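Enquirer: My structure is below; once you've seen it, I'll send some questions.
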Protein chains: 2
Amino acid sequence: MENQVIHMSAIHAILPQLQAIYPEDRISVNRAVLEQHARDQSAHEPHLPDAVVWPLTTEEVSQTLRLAYDARIPVTPWGAGTSIEGNPIPVAGGVVLDLSRMDQILTIHDKDFQVTVQPGVLYKDMNKILARYGLFFAPDPGANASIGGMLANNAAGIRTVKYGATRDNVLALEVVLADGRVIRTGSRSVKQSAGYDLTHLFVGSEGTLGVITEATLKLAPIPAHVSAAVARFPTVADAAEAVFDIIGAGLEPAALELLDATAVKILNTDPDIPPFPEQPALFMEFASSHETALADTLDMVRELCQEHRAQGFDTGVGRQERARIWHARHHLFEAHVRYFAGQSFLVGDAAVPISHYPELIARTAALMEEMGVVGSLLGHAGDGNIHTIVFYPPENDEARQRALAFNDAFVGLALEREGTCTGEHGVGLGKRKFMAREHGLALEVMRQLKQTLDPRGILNPGKVLP
Amino acid sequence: MENQVIHMSAIHAILPQLQAIYPEDRISVNRAVLEQHARDQSAHEPHLPDAVVWPLTTEEVSQTLRLAYDARIPVTPWGAGTSIEGNPIPVAGGVVLDLSRMDQILTIHDKDFQVTVQPGVLYKDMNKILARYGLFFAPDPGANASIGGMLANNAAGIRTVKYGATRDNVLALEVVLADGRVIRTGSRSVKQSAGYDLTHLFVGSEGTLGVITEATLKLAPIPAHVSAAVARFPTVADAAEAVFDIIGAGLEPAALELLDATAVKILNTDPDIPPFPEQPALFMEFASSHETALADTLDMVRELCQEHRAQGFDTGVGRQERARIWHARHHLFEAHVRYFAGQSFLVGDAAVPISHYPELIARTAALMEEMGVVGSLLGHAGDGNIHTIVFYPPENDEARQRALAFNDAFVGLALEREGTCTGEHGVGLGKRKFMAREHGLALEVMRQLKQTLDPRGILNPGKVLP
């Protein structure tokens, strides 16, 4: 509380200047509005900002940061609030810079398979428009995230196994620095070797080094032929072994998702899809410009799955059904929250090289059982990513401690196997404690960069660095 | 000379300590050795270092940098000396850190399609060994560059259109910082969202931010089916229009090289390949896991080329002949140097979004003619990259000035078209003058990063930043 009072008085010092930048309908200190910007989709403790502003232009972002920089007021950029590691929670109060109204698609460079957008564009909305050009932005975290948020977190998703994460699909940025300076990084040329790679320094920095106000993204052509398949396995370990073989054979799935029996059970609560047997399963998609190539691929995948005791292998998945299955998969997190209504939860996110994946899956499944935690194990298996969603009664401190202990142990399994504490959710609040272990001395360099680019520590304070 | 004397005395202050680190056969102040480390393959003016050392371990690199840092002696990392923008020329003297004996392949993670290597490994040698596993490292700059040099310059080459540049194929690094601290960046997990992307900050920094002592690279499976084709066109502009259509159709060439008539003439000097008609040409390669898919692709490519007045379209290129053609293409730079023996030369390197490529090619060809410069125009057309090689008599200052003016104008054409002053050769010495124009205020941020990571300016001084 002490802290908050200090911030409140500080914000009041610049409130008149903020009000000079923003008309009445684009600045708020209203309690309900502050509460909407106090939490993301995680169970991390909410914290109120002191004010929320909605810039429309880079110039407004720049003016806001200049003001905040001079007065040493925290500024936390805000996208769609869909992250799940507390990444945009304004833990030090201050100003939330809500970029949701900077939502213009500026230029569709369809001949270059590129698009230039403002950060508030929601990727699902953008992809609907790009579909008219036969193009799409491939990273898809599921929730209708904003492009700015996806860039900030280096979001990934089910298509990453084929198309890479957000990091791999960005060419150029406009960034406002902590002191209000506006820079442009990269270029629309796909080949770039002119100096330091600033673009990739800002991508994944979770708004702690600068505020992205414009981005040029790489797009992919929507593939001509797509087939899906679902395979069921006796154990998650069998499924993970099949994943390893599919990737090792160079079969290049466009999606390769692993779900344990609980996750399948909850997927089945979606009324729009046929019920699947409640068994560990792989949901797969393959894409090609040629139908015959696709059929050959599916035959090989079936064989590999059967070698790992697959009990069912269904390729009779039509286009519409496929869309419904992926829609359900995308909303599986929310489906879990509904299924375990009233429970608190903790979302895990770790990744390892694919050769360690089968063991990580087997050990994690065993760990869940040993520790008696309740939840699901699922993952973007094709790129070695694994998620856990663990639920516990909100008032049961022992259960909460057990969930936290499980998550620590789970991340430990990944770090022991040349992995990372976060494959796609970012560090936010929850993963700071693993940063020293994962990065060692490199963490010092990260601190030096933060100090260089944000010497007053006003940008999304309390995140990424422990 | 004044400067050099100062350095000589400075180096003498640490020479005994260097000699304590390095046995006699791994340290030299011998004139012939210094001269070997005074120039790369460019025409940039050579400059002698004061000493050359050959470390075998990260610890030796670290000790050397600690010494140099304390005594403020310049240190320039050295790979294979194959760069062509003056990138490793020790313009401030000091110590050249020749990494060619740190040439071990440390681990082949074949199941993960990864390899961990020391920086002195030559990529062609490495690929011969990886071929036993059906794998290869895709970026191929042509000359037998070292992996460390390729990482430092973010090298690319003819496969980049399909597989990306070096930057896109690196997962983790070990880096020695200016003060001798050793850090590890990234991880072997293909998905990474844990903090700032240090890996991509060091890749392409040309040894000015740290010395890469180990790298984990992404590998690709050697494709099962490959076809090549050669198409001839009346003008380079026609060829470039065909490139634009091939890329726009999503046909994903594995290589797509444009050569003007002069370049074809010089390619023909290679005795191992059949002579090609001396006309602008596209040399193309397509790869697939399926033969039928490949045949369909080639049919479409032929049609697109014919729409742009292709006068010949030869797909009867067998595997051995294909290898010989790419070998000749890889050595086309050296072939030029032989062909114009005794002449000085200037190599151009710019890149633009593919939609601007036809116009850039047409304008560059016209510019060569207008300005009366002698040489070739060629490029990794599929990714919008274009090279010029311009020759002039070494004693003719007017011709030299004309070559320089042409290069400035050529880079200007690219920068006016959302392009970059270097697609793959790096900034080195020759491109520093374009950095402010290309990057604007972002150049200030690059300077801040340099100041943070190399506060005493000992790492490869005089490069990248103007």
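Residue names in the structure tokens use chain letters A, B, ... in the order shown, residue numbers from 1 in each chain, and ligand numbers from 1 in the order shown.
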Env of segment 149-154 of chain B: 7 Å cut, atoms = only C-alpha atoms, seq-sep filter 2 positions within chain, self excluded. Answer as a list in words.

Expert: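 Answer for this query is Ser193 of chain A; Gly79, Ala145, Ser146, Ile147, Ala156, Ala165, Thr166, Arg167, Val203, Gly204, Ser205, Glu206, Gly207, Glu424, His425 and Gly426 of chain B.
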
Enquirer: Could you save those same residues with N, CA and C atoms as a tab-separated table (two decimals), in the first residue's frame?

Expert:
chain	number	residue	atom	x	y	z
A	193	SER	N	22.14	-7.82	-43.25
A	193	SER	CA	23.39	-8.02	-42.51
A	193	SER	C	24.03	-6.70	-42.13
B	79	GLY	N	38.58	-15.78	-38.75
B	79	GLY	CA	38.06	-17.11	-39.10
B	79	GLY	C	38.90	-17.73	-40.20
B	145	ALA	N	34.27	-20.81	-45.88
B	145	ALA	CA	34.30	-19.96	-44.70
B	145	ALA	C	34.27	-20.81	-43.43
B	146	SER	N	34.69	-20.20	-42.32
B	146	SER	CA	34.57	-20.86	-41.03
B	146	SER	C	33.20	-20.56	-40.45
B	147	ILE	N	32.73	-21.46	-39.60
B	147	ILE	CA	31.43	-21.25	-38.95
B	147	ILE	C	31.46	-19.96	-38.13
B	156	ALA	N	25.23	-15.79	-45.85
B	156	ALA	CA	24.07	-16.43	-46.47
B	156	ALA	C	24.56	-17.21	-47.69
B	165	ALA	N	19.28	-17.49	-43.70
B	165	ALA	CA	20.69	-17.14	-43.54
B	165	ALA	C	21.25	-17.81	-42.30
B	166	THR	N	22.52	-17.57	-42.00
B	166	THR	CA	23.12	-18.15	-40.80
B	166	THR	C	22.29	-17.81	-39.57
B	167	ARG	N	21.86	-16.55	-39.48
B	167	ARG	CA	21.05	-16.10	-38.34
B	167	ARG	C	19.87	-17.01	-38.05
B	203	VAL	N	25.17	-12.75	-33.35
B	203	VAL	CA	25.23	-13.15	-34.76
B	203	VAL	C	25.14	-11.88	-35.61
B	204	GLY	N	26.07	-11.72	-36.52
B	204	GLY	CA	26.06	-10.54	-37.38
B	204	GLY	C	26.76	-9.34	-36.78
B	205	SER	N	27.33	-9.47	-35.58
B	205	SER	CA	27.99	-8.31	-34.97
B	205	SER	C	29.47	-8.24	-35.35
B	206	GLU	N	29.91	-9.13	-36.21
B	206	GLU	CA	31.24	-9.06	-36.82
B	206	GLU	C	32.38	-8.98	-35.79
B	207	GLY	N	32.21	-9.68	-34.71
B	207	GLY	CA	33.28	-9.72	-33.72
B	207	GLY	C	33.47	-8.43	-32.94
B	424	GLU	N	24.42	-9.76	-47.20
B	424	GLU	CA	25.13	-10.92	-46.63
B	424	GLU	C	26.62	-10.73	-46.41
B	425	HIS	N	27.21	-9.65	-46.90
B	425	HIS	CA	28.65	-9.49	-46.71
B	425	HIS	C	29.00	-8.78	-45.41
B	426	GLY	N	28.01	-8.20	-44.77
B	426	GLY	CA	28.26	-7.46	-43.54
B	426	GLY	C	28.73	-6.04	-43.83

Enquirer: At a cut-off of 7 Å, list the chain B residues touching chain A, using only C-alpha atoms, as a PyMOL selection string.

Expert: chain B and resi 111-112+153-154+183-185+187-197+200-201+204-205+221+248+250+290+293+351-355+383+418-427+439+441-442+446+448+452+464

Enquirer: Please, what distance in Å, to one decimal, runs between atom CA of Val176 of chain A and atom CA of Ala436 of chain B?

Expert: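 Pair atom CA of Val176 of chain A / atom CA of Ala436 of chain B returns 18.3 Å.
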
Enquirer: What does the structure give for the distance between atom CA of Asp272 of chain A and atom CA of Val226 of chain A, in Å to one decimal?

Expert: 20.4 Å

Enquirer: Write out as a Markdown table the residues of segment 190-274 of chain A that have any atom within 9 Å of an atom of segment 321-332 of chain A, one row each with the nearest atom pair and its distance in Å to one decimal, counting only C-alpha atoms, sorted by chain and then rising number.

Expert:
| residue | atom | partner | partner_atom | distance |
| --- | --- | --- | --- | --- |
| A:Ser227 | CA | A:Arg322 | CA | 8.5 |
| A:Ala228 | CA | A:Arg322 | CA | 6.7 |
| A:Glu257 | CA | A:Arg329 | CA | 8.9 |
| A:Ala263 | CA | A:Leu332 | CA | 7.9 |
| A:Ile266 | CA | A:Leu332 | CA | 7.4 |
| A:Leu267 | CA | A:Leu332 | CA | 6.2 |
| A:Asn268 | CA | A:Ala328 | CA | 8.6 |
| A:Asp270 | CA | A:Ala328 | CA | 6.4 |
| A:Asp272 | CA | A:Arg324 | CA | 6.5 |
| A:Ile273 | CA | A:Arg324 | CA | 6.2 |
| A:Pro274 | CA | A:Glu321 | CA | 8.6 |

Enquirer: Would you save the residues from that selection as a short mmCIF file (atom, residue, chain, number, x, y, z; two decimals), in the first residue's frame, using N, CA and C atoms?

Expert:
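After the write, out_11.cif holds the following:
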data_model
loop_
_atom_site.label_atom_id
_atom_site.label_comp_id
_atom_site.auth_asym_id
_atom_site.auth_seq_id
_atom_site.Cartn_x
_atom_site.Cartn_y
_atom_site.Cartn_z
N SER A 227 -4.03 -32.32 -44.78
CA SER A 227 -4.71 -33.49 -44.20
C SER A 227 -4.46 -33.53 -42.71
N ALA A 228 -5.42 -34.01 -42.00
CA ALA A 228 -5.26 -34.16 -40.56
C ALA A 228 -5.38 -35.64 -40.19
N GLU A 257 0.23 -32.09 -32.09
CA GLU A 257 -0.18 -31.78 -30.72
C GLU A 257 -0.37 -33.04 -29.91
N ALA A 263 -6.73 -34.18 -20.89
CA ALA A 263 -6.89 -33.11 -21.87
C ALA A 263 -7.90 -33.50 -22.95
N ILE A 266 -11.38 -33.18 -21.61
CA ILE A 266 -11.85 -31.79 -21.56
C ILE A 266 -12.08 -31.24 -22.97
N LEU A 267 -11.26 -31.66 -23.93
CA LEU A 267 -11.49 -31.29 -25.33
C LEU A 267 -12.90 -31.74 -25.73
N ASN A 268 -13.28 -32.92 -25.26
CA ASN A 268 -14.60 -33.48 -25.60
C ASN A 268 -15.77 -32.65 -25.08
N ASP A 270 -16.22 -29.72 -25.76
CA ASP A 270 -16.61 -28.80 -26.84
C ASP A 270 -17.73 -29.45 -27.65
N ASP A 272 -18.91 -28.85 -30.46
CA ASP A 272 -18.78 -28.79 -31.92
C ASP A 272 -17.92 -29.89 -32.52
N ILE A 273 -17.31 -30.71 -31.68
CA ILE A 273 -16.45 -31.77 -32.23
C ILE A 273 -16.97 -33.13 -31.81
N PRO A 274 -16.64 -34.16 -32.59
CA PRO A 274 -17.05 -35.50 -32.20
C PRO A 274 -16.27 -35.92 -30.96
#

Enquirer: So, counting only C-alpha atoms, which residue among A:Val96, A:Ile89, A:Val121, A:Leu346 is closest to Ile11 of chain A?

Expert: A:Val96

Enquirer: Within 9 Å of Ala281 of chain B, counting only C-alpha atoms, which residues show up once you throw out same-chain ones fewer than 3 positions away? Write them as a PyMOL selection string, please.

Expert: chain B and resi 230-236+239+257-261+264+277-278+310

Enquirer: Write the residues you've just listed into a file as a PDB file, in the first residue's frame, and include N, CA and C atoms for each of them.

Expert:
ATOM      1  N   VAL B 230      17.988 -24.455 -66.048  1.00  0.00           N
ATOM      2  CA  VAL B 230      18.652 -23.216 -66.462  1.00  0.00           C
ATOM      3  C   VAL B 230      17.779 -22.556 -67.519  1.00  0.00           C
ATOM      4  N   ALA B 231      17.459 -21.282 -67.317  1.00  0.00           N
ATOM      5  CA  ALA B 231      16.657 -20.550 -68.294  1.00  0.00           C
ATOM      6  C   ALA B 231      17.436 -19.331 -68.767  1.00  0.00           C
ATOM      7  N   ARG B 232      17.340 -19.044 -70.079  1.00  0.00           N
ATOM      8  CA  ARG B 232      18.024 -17.870 -70.638  1.00  0.00           C
ATOM      9  C   ARG B 232      17.000 -16.814 -71.032  1.00  0.00           C
ATOM     10  N   PHE B 233      17.419 -15.565 -70.892  1.00  0.00           N
ATOM     11  CA  PHE B 233      16.492 -14.453 -71.143  1.00  0.00           C
ATOM     12  C   PHE B 233      17.179 -13.392 -72.006  1.00  0.00           C
ATOM     13  N   PRO B 234      16.388 -12.603 -72.736  1.00  0.00           N
ATOM     14  CA  PRO B 234      16.994 -11.543 -73.549  1.00  0.00           C
ATOM     15  C   PRO B 234      17.648 -10.453 -72.696  1.00  0.00           C
ATOM     16  N   THR B 235      17.057 -10.137 -71.528  1.00  0.00           N
ATOM     17  CA  THR B 235      17.639  -9.092 -70.664  1.00  0.00           C
ATOM     18  C   THR B 235      17.598  -9.556 -69.203  1.00  0.00           C
ATOM     19  N   VAL B 236      18.441  -8.935 -68.368  1.00  0.00           N
ATOM     20  CA  VAL B 236      18.389  -9.250 -66.937  1.00  0.00           C
ATOM     21  C   VAL B 236      17.053  -8.851 -66.337  1.00  0.00           C
ATOM     22  N   ALA B 239      14.679 -11.656 -66.735  1.00  0.00           N
ATOM     23  CA  ALA B 239      15.015 -12.718 -65.777  1.00  0.00           C
ATOM     24  C   ALA B 239      14.500 -12.357 -64.386  1.00  0.00           C
ATOM     25  N   GLU B 257      19.399 -18.334 -58.836  1.00  0.00           N
ATOM     26  CA  GLU B 257      20.528 -17.438 -59.060  1.00  0.00           C
ATOM     27  C   GLU B 257      20.390 -16.722 -60.395  1.00  0.00           C
ATOM     28  N   LEU B 258      20.622 -15.429 -60.369  1.00  0.00           N
ATOM     29  CA  LEU B 258      20.583 -14.634 -61.601  1.00  0.00           C
ATOM     30  C   LEU B 258      22.011 -14.267 -61.998  1.00  0.00           C
ATOM     31  N   LEU B 259      22.336 -14.445 -63.259  1.00  0.00           N
ATOM     32  CA  LEU B 259      23.659 -14.045 -63.784  1.00  0.00           C
ATOM     33  C   LEU B 259      23.441 -13.216 -65.040  1.00  0.00           C
ATOM     34  N   ASP B 260      24.172 -12.124 -65.174  1.00  0.00           N
ATOM     35  CA  ASP B 260      24.078 -11.387 -66.433  1.00  0.00           C
ATOM     36  C   ASP B 260      25.021 -12.029 -67.451  1.00  0.00           C
ATOM     37  N   ALA B 261      25.033 -11.488 -68.667  1.00  0.00           N
ATOM     38  CA  ALA B 261      25.791 -12.135 -69.746  1.00  0.00           C
ATOM     39  C   ALA B 261      27.283 -12.223 -69.414  1.00  0.00           C
ATOM     40  N   VAL B 264      27.871 -15.028 -66.974  1.00  0.00           N
ATOM     41  CA  VAL B 264      27.791 -16.330 -67.645  1.00  0.00           C
ATOM     42  C   VAL B 264      29.079 -16.592 -68.424  1.00  0.00           C
ATOM     43  N   PRO B 277      25.167 -20.440 -73.287  1.00  0.00           N
ATOM     44  CA  PRO B 277      25.095 -19.251 -74.152  1.00  0.00           C
ATOM     45  C   PRO B 277      25.293 -17.984 -73.319  1.00  0.00           C
ATOM     46  N   GLU B 278      26.031 -17.029 -73.854  1.00  0.00           N
ATOM     47  CA  GLU B 278      26.360 -15.826 -73.070  1.00  0.00           C
ATOM     48  C   GLU B 278      25.192 -14.853 -73.056  1.00  0.00           C
ATOM     49  N   ALA B 310      11.645 -16.227 -71.893  1.00  0.00           N
ATOM     50  CA  ALA B 310      12.778 -17.158 -71.794  1.00  0.00           C
ATOM     51  C   ALA B 310      13.023 -17.780 -73.156  1.00  0.00           C
TER      52      ALA B 310
END

Enquirer: Name the residues of segment 289-412 of chain A that come out as strand (DSSP E) in a backbone DSSP run; write them as a list in words.

Expert: Gly312, Phe313, Asp314, Thr315, Gly316, Val317, Ser344, Phe345, Leu346, Val347, Gly348, Asp349, Ala350, Ala351, Val374, Gly375, Ser376, Leu377, Leu378, Gly379, His380, Asn385, Ile386, His387, Thr388, Ile389, Val390, Phe391 and Tyr392 of chain A

Enquirer: Write the selection just made, keeping C-alpha atoms, as a tab-separated table (two decimals), in the first residue's frame?

Expert:
chain	number	residue	atom	x	y	z
A	312	GLY	CA	-6.34	-45.94	-33.61
A	313	PHE	CA	-5.25	-43.82	-36.53
A	314	ASP	CA	-7.99	-41.77	-38.09
A	315	THR	CA	-7.22	-39.81	-41.25
A	316	GLY	CA	-10.84	-39.32	-42.25
A	317	VAL	CA	-10.85	-35.78	-40.93
A	344	SER	CA	-7.14	-21.92	-8.95
A	345	PHE	CA	-4.65	-23.03	-11.58
A	346	LEU	CA	-1.02	-22.93	-12.64
A	347	VAL	CA	0.03	-23.23	-16.28
A	348	GLY	CA	3.38	-24.88	-17.01
A	349	ASP	CA	5.46	-24.25	-20.13
A	350	ALA	CA	8.84	-25.82	-20.82
A	351	ALA	CA	10.64	-27.04	-23.91
A	374	VAL	CA	-4.74	-32.69	-10.67
A	375	GLY	CA	-4.69	-31.49	-14.25
A	376	SER	CA	-3.59	-32.10	-17.79
A	377	LEU	CA	-0.42	-32.60	-19.73
A	378	LEU	CA	-0.42	-31.40	-23.31
A	379	GLY	CA	1.99	-29.86	-25.71
A	380	HIS	CA	3.11	-28.58	-29.04
A	385	ASN	CA	7.20	-27.91	-26.02
A	386	ILE	CA	5.11	-29.23	-23.15
A	387	HIS	CA	2.40	-27.60	-21.08
A	388	THR	CA	0.84	-28.63	-17.83
A	389	ILE	CA	-2.33	-27.18	-16.35
A	390	VAL	CA	-2.67	-27.95	-12.69
A	391	PHE	CA	-5.74	-27.09	-10.59
A	392	TYR	CA	-6.17	-26.72	-6.86

Enquirer: Which one is closest to Pro455 of chain B: B:Gly210, B:Pro49, B:Pro280, B:Pro271? Count only C-alpha atoms.

Expert: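 Selected residue with least distance to Pro455 of chain B: B:Gly210.
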
Enquirer: Using DSSP on the backbone, list every residue of segment 334-452 of chain B that comes out as helix (DSSP H, G or I), and give them as a count of residues only.

Expert: 65

Enquirer: Go through B:Val301, B:Ala178, B:Ala10, B:Val373 and flag the residue nearest Thr76 of chain B, using only C-alpha atoms for the distances.

Expert: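 Of the candidates, the smallest distance to Thr76 of chain B is held by B:Ala178.
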
Enquirer: Just the residues within 12 Å of Leu122 of chain A, please, counting only C-alpha atoms, with nothing from its chain fewer than 3 positions along; format it as a ChimeraX atom specification.

Expert: /A:79-82,99-105,117-119,125-129,137,140-151

Enquirer: How would the residues just chosen look if you wrote them out with C-alpha atoms as a short mmCIF file (atom, residue, chain, number, x, y, z; two decimals), in the first residue's frame?

Expert:
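result_5.cif, freshly written:
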data_model
loop_
_atom_site.label_atom_id
_atom_site.label_comp_id
_atom_site.auth_asym_id
_atom_site.auth_seq_id
_atom_site.Cartn_x
_atom_site.Cartn_y
_atom_site.Cartn_z
CA GLY A 79 -1.99 -5.73 -25.85
CA ALA A 80 -5.03 -7.97 -25.49
CA GLY A 81 -4.32 -9.13 -21.93
CA THR A 82 -4.23 -12.78 -23.04
CA LEU A 99 -2.31 -0.23 -27.53
CA SER A 100 -5.58 -1.87 -28.54
CA ARG A 101 -6.73 1.17 -30.52
CA MET A 102 -3.56 1.23 -32.60
CA ASP A 103 -5.15 -1.57 -34.59
CA GLN A 104 -4.62 -0.67 -38.22
CA ILE A 105 -3.29 -2.97 -40.90
CA VAL A 117 0.64 -3.46 -38.92
CA GLN A 118 0.13 -1.51 -35.74
CA PRO A 119 0.58 -3.47 -32.49
CA ASP A 125 -8.80 -10.69 -37.26
CA MET A 126 -5.73 -9.96 -39.37
CA ASN A 127 -5.63 -13.51 -40.73
CA LYS A 128 -9.27 -13.26 -41.84
CA ILE A 129 -8.33 -10.28 -43.99
CA PHE A 137 0.58 -15.06 -40.35
CA ASP A 140 -1.00 -18.75 -33.48
CA PRO A 141 -1.00 -18.76 -29.71
CA GLY A 142 -4.66 -19.69 -29.54
CA ALA A 143 -6.26 -16.81 -27.69
CA ASN A 144 -6.96 -13.83 -29.95
CA ALA A 145 -3.73 -12.12 -28.96
CA SER A 146 -2.56 -8.79 -30.35
CA ILE A 147 0.41 -8.67 -32.67
CA GLY A 148 2.20 -6.38 -30.22
CA GLY A 149 1.70 -8.88 -27.43
CA MET A 150 2.84 -11.77 -29.62
CA LEU A 151 6.00 -9.85 -30.52
#

Enquirer: Extract, using only C-alpha atoms, all DNA, RNA and protein residues at most 9 Å from Phe406 of chain B, discarding same-chain residues fewer than 2 positions from it, and format them as a list of chain:residue names.

Expert: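 Neighbouring residues, sequence-local ones excluded: B:Leu367, B:Met368, B:Met371, B:Val373, B:Val390, B:Gln401, B:Arg402, B:Ala403, B:Leu404, B:Asp408, B:Ala409, B:Phe410, B:Val411.
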
Enquirer: Deliver the residues from the most recent selection as a file, using N, CA and C atoms, as an mmCIF file, in the first residue's frame.

Expert:
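Dumped everything to again_12.cif:
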data_model
loop_
_atom_site.group_PDB
_atom_site.id
_atom_site.type_symbol
_atom_site.label_atom_id
_atom_site.label_comp_id
_atom_site.auth_asym_id
_atom_site.auth_seq_id
_atom_site.Cartn_x
_atom_site.Cartn_y
_atom_site.Cartn_z
ATOM 1 N N LEU B 367 22.586 1.567 -64.873
ATOM 2 C CA LEU B 367 23.605 2.386 -64.210
ATOM 3 C C LEU B 367 25.011 1.954 -64.606
ATOM 4 N N MET B 368 25.209 0.630 -64.679
ATOM 5 C CA MET B 368 26.533 0.126 -65.075
ATOM 6 C C MET B 368 26.893 0.661 -66.454
ATOM 7 N N MET B 371 27.396 4.596 -66.441
ATOM 8 C CA MET B 371 28.622 5.049 -65.785
ATOM 9 C C MET B 371 29.872 4.415 -66.397
ATOM 10 N N VAL B 373 31.056 1.394 -66.163
ATOM 11 C CA VAL B 373 31.873 0.509 -65.329
ATOM 12 C C VAL B 373 31.892 -0.880 -65.947
ATOM 13 N N VAL B 390 32.829 -5.061 -59.933
ATOM 14 C CA VAL B 390 33.286 -4.022 -60.852
ATOM 15 C C VAL B 390 34.811 -3.983 -60.827
ATOM 16 N N GLN B 401 37.551 6.001 -58.746
ATOM 17 C CA GLN B 401 36.503 6.901 -58.243
ATOM 18 C C GLN B 401 35.162 6.568 -58.892
ATOM 19 N N ARG B 402 35.216 6.216 -60.178
ATOM 20 C CA ARG B 402 33.983 5.877 -60.889
ATOM 21 C C ARG B 402 33.372 4.607 -60.296
ATOM 22 N N ALA B 403 34.243 3.626 -59.994
ATOM 23 C CA ALA B 403 33.749 2.384 -59.389
ATOM 24 C C ALA B 403 33.096 2.672 -58.041
ATOM 25 N N LEU B 404 33.743 3.517 -57.245
ATOM 26 C CA LEU B 404 33.184 3.875 -55.934
ATOM 27 C C LEU B 404 31.859 4.621 -56.095
ATOM 28 N N ASP B 408 28.199 3.526 -54.665
ATOM 29 C CA ASP B 408 27.337 4.410 -53.861
ATOM 30 C C ASP B 408 25.956 4.537 -54.495
ATOM 31 N N ALA B 409 25.944 4.740 -55.798
ATOM 32 C CA ALA B 409 24.668 4.921 -56.491
ATOM 33 C C ALA B 409 23.843 3.636 -56.443
ATOM 34 N N PHE B 410 24.544 2.513 -56.593
ATOM 35 C CA PHE B 410 23.882 1.196 -56.560
ATOM 36 C C PHE B 410 23.235 0.951 -55.200
ATOM 37 N N VAL B 411 23.990 1.199 -54.123
ATOM 38 C CA VAL B 411 23.425 1.036 -52.779
ATOM 39 C C VAL B 411 22.261 2.009 -52.587
#

Enquirer: Considering only C-alpha atoms, state which residue in the set A:Leu173, A:Ala20, A:Leu256, A:Ala295 is at the smallest distance from Ala381 of chain A.

Expert: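 Answer, going by the shortest atom-to-atom distance: A:Leu256.
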
Enquirer: By how many Å are atom CA of Asn460 of chain A and atom CA of Val75 of chain A apart?

Expert: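 Here the two named atoms are 5.8 Å from each other.
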